[in-house]
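Asks: One structure follows; several queries about it will come next.
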Amino acid sequence: MSKMDLTDAEWKKKLTPEQYEILRGKGTEAPFTGKLLYNDKAGSYTCAACGNVLFDSNTKFEADCGWPSFYDAKKGSVILTPDDTLGMQRVEVTCANCGGHLGHVFDDAPDQPTGQRFCINSAALEFLPKR
């Protein structure tokens with residue numbers, strides 16, 4: 001998939017207002033409100049902005065944090081960047097294809113194979129069921 005580079009006006013036209021606020025404005029949906037939080041079907045999670053495959057359903061787990069959580073991303077699908085906004089030290093997760101903000105990753109999932117918790121906004125994702 002080639003790198004997407006749209007203008008701000010094109011992103012506003014392509015995305016819903018909530019998706020735009022999260023993916024382009026680095027916003028966060030309210031906890032426990034996302035459409036994919038409790039999804040337990042087999043399939044893939046893709047970037048809502050560009051369709052880049054980000055996570056497999058077999059890496060999703062219940063972290064009770066209010067957002068869909070995954071212990072690993074597809075190789076090369078995301079970019080991790082230090083984020084010290086809001087007075088906190090975090091690591092931002094963005095789509096490697098379009099640069100959309102997805103959420104943050106934390107090293108607080110000791111019961112998972114990687115020890116990581118990718119805490120991702122539902123509005124930044126689409127779900128493709130396994131066929």
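Labeling convention for the structure tokens: chains A, B, ... as they appear, residues from 1 per chain, ligands from 1 in order of appearance.
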What are the nearest atom pairs, with distances in Å to one decimal, for all residues of stretch 1-64 of chain A that come at most 9 Å from stretch 75-78 of chain A, using only C-alpha atoms, set out by chain and rising residue number as CSV?
Replies:
residue,atom,partner,partner_atom,distance
A:Asn52,CA,A:Ser77,CA,7.0
A:Val53,CA,A:Ser77,CA,6.8
A:Leu54,CA,A:Ser77,CA,5.4
A:Phe55,CA,A:Ser77,CA,8.4
Asks: Kindly export the residues of the current selection with all heavy atoms, as a PDB file, in the first residue's frame.
Replies:
ATOM      1  N   ASN A  52      -5.142   0.232   5.802  1.00  0.00           N
ATOM      2  CA  ASN A  52      -3.929  -0.503   6.170  1.00  0.00           C
ATOM      3  C   ASN A  52      -4.264  -1.519   7.270  1.00  0.00           C
ATOM      4  O   ASN A  52      -4.870  -1.164   8.281  1.00  0.00           O
ATOM      5  CB  ASN A  52      -2.872   0.496   6.667  1.00  0.00           C
ATOM      6  CG  ASN A  52      -1.535  -0.125   6.963  1.00  0.00           C
ATOM      7  OD1 ASN A  52      -1.183  -1.180   6.454  1.00  0.00           O
ATOM      8  ND2 ASN A  52      -0.762   0.548   7.797  1.00  0.00           N
ATOM      9  N   VAL A  53      -3.885  -2.787   7.077  1.00  0.00           N
ATOM     10  CA  VAL A  53      -4.141  -3.808   8.097  1.00  0.00           C
ATOM     11  C   VAL A  53      -3.178  -3.590   9.260  1.00  0.00           C
ATOM     12  O   VAL A  53      -1.958  -3.580   9.083  1.00  0.00           O
ATOM     13  CB  VAL A  53      -3.995  -5.236   7.520  1.00  0.00           C
ATOM     14  CG1 VAL A  53      -4.211  -6.273   8.606  1.00  0.00           C
ATOM     15  CG2 VAL A  53      -4.980  -5.451   6.374  1.00  0.00           C
ATOM     16  N   LEU A  54      -3.737  -3.407  10.464  1.00  0.00           N
ATOM     17  CA  LEU A  54      -2.959  -3.044  11.640  1.00  0.00           C
ATOM     18  C   LEU A  54      -2.823  -4.165  12.670  1.00  0.00           C
ATOM     19  O   LEU A  54      -1.735  -4.379  13.199  1.00  0.00           O
ATOM     20  CB  LEU A  54      -3.610  -1.836  12.331  1.00  0.00           C
ATOM     21  CG  LEU A  54      -3.847  -0.601  11.472  1.00  0.00           C
ATOM     22  CD1 LEU A  54      -4.765   0.382  12.186  1.00  0.00           C
ATOM     23  CD2 LEU A  54      -2.522   0.045  11.120  1.00  0.00           C
ATOM     24  N   PHE A  55      -3.942  -4.834  12.970  1.00  0.00           N
ATOM     25  CA  PHE A  55      -3.964  -5.830  14.044  1.00  0.00           C
ATOM     26  C   PHE A  55      -4.768  -7.051  13.620  1.00  0.00           C
ATOM     27  O   PHE A  55      -5.759  -6.929  12.914  1.00  0.00           O
ATOM     28  CB  PHE A  55      -4.626  -5.256  15.311  1.00  0.00           C
ATOM     29  CG  PHE A  55      -3.996  -3.998  15.829  1.00  0.00           C
ATOM     30  CD1 PHE A  55      -4.542  -2.759  15.526  1.00  0.00           C
ATOM     31  CD2 PHE A  55      -2.854  -4.041  16.620  1.00  0.00           C
ATOM     32  CE1 PHE A  55      -3.973  -1.585  16.002  1.00  0.00           C
ATOM     33  CE2 PHE A  55      -2.275  -2.884  17.097  1.00  0.00           C
ATOM     34  CZ  PHE A  55      -2.832  -1.651  16.784  1.00  0.00           C
TER      35      PHE A  55
END
Asks: Please provide as a list in words all residues within 12 Å of A:Leu6, with the sequence filter that same-chain residues fewer than 2 positions apart are discarded (counting only C-alpha atoms).
Replies: Lys3, Met4, Asp8, Ala9, Glu10, Trp11, Lys12, Lys13, Lys14, Leu15, Arg24, Ala49, Cys50, Asn97, Cys98, Gly99 and Gly100 of chain A
Asks: Excluding A:Thr94 and residues on its chain fewer than 6 positions from it, collect all residues at most 12 Å away from it, counting only C-alpha atoms, and give them as number ranges by chain.
Replies: A: 22-26, 47-50, 52, 54, 73, 76-83, 100-105, 118-121, 124-125
Asks: To test your reading of the structure, identify every residue in chain A that backbone DSSP assigns to strand (DSSP E), and report it as a PyMOL selection string.
Replies: chain A and resi 43-47+53-56+60-61+69-70+78-83+90-95+101-106+117-120+125-129
Asks: Would you mind listing what lies within 6 Å of stretch 57-64 of chain A as a list in words, with only C-alpha atoms counted and same-chain residues fewer than 2 positions away left out?
Replies: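 Listing them by chain and then by number gives Ala42, Gly43, Ser44, Gly66, Ser69, Phe70 and Tyr71 of chain A.
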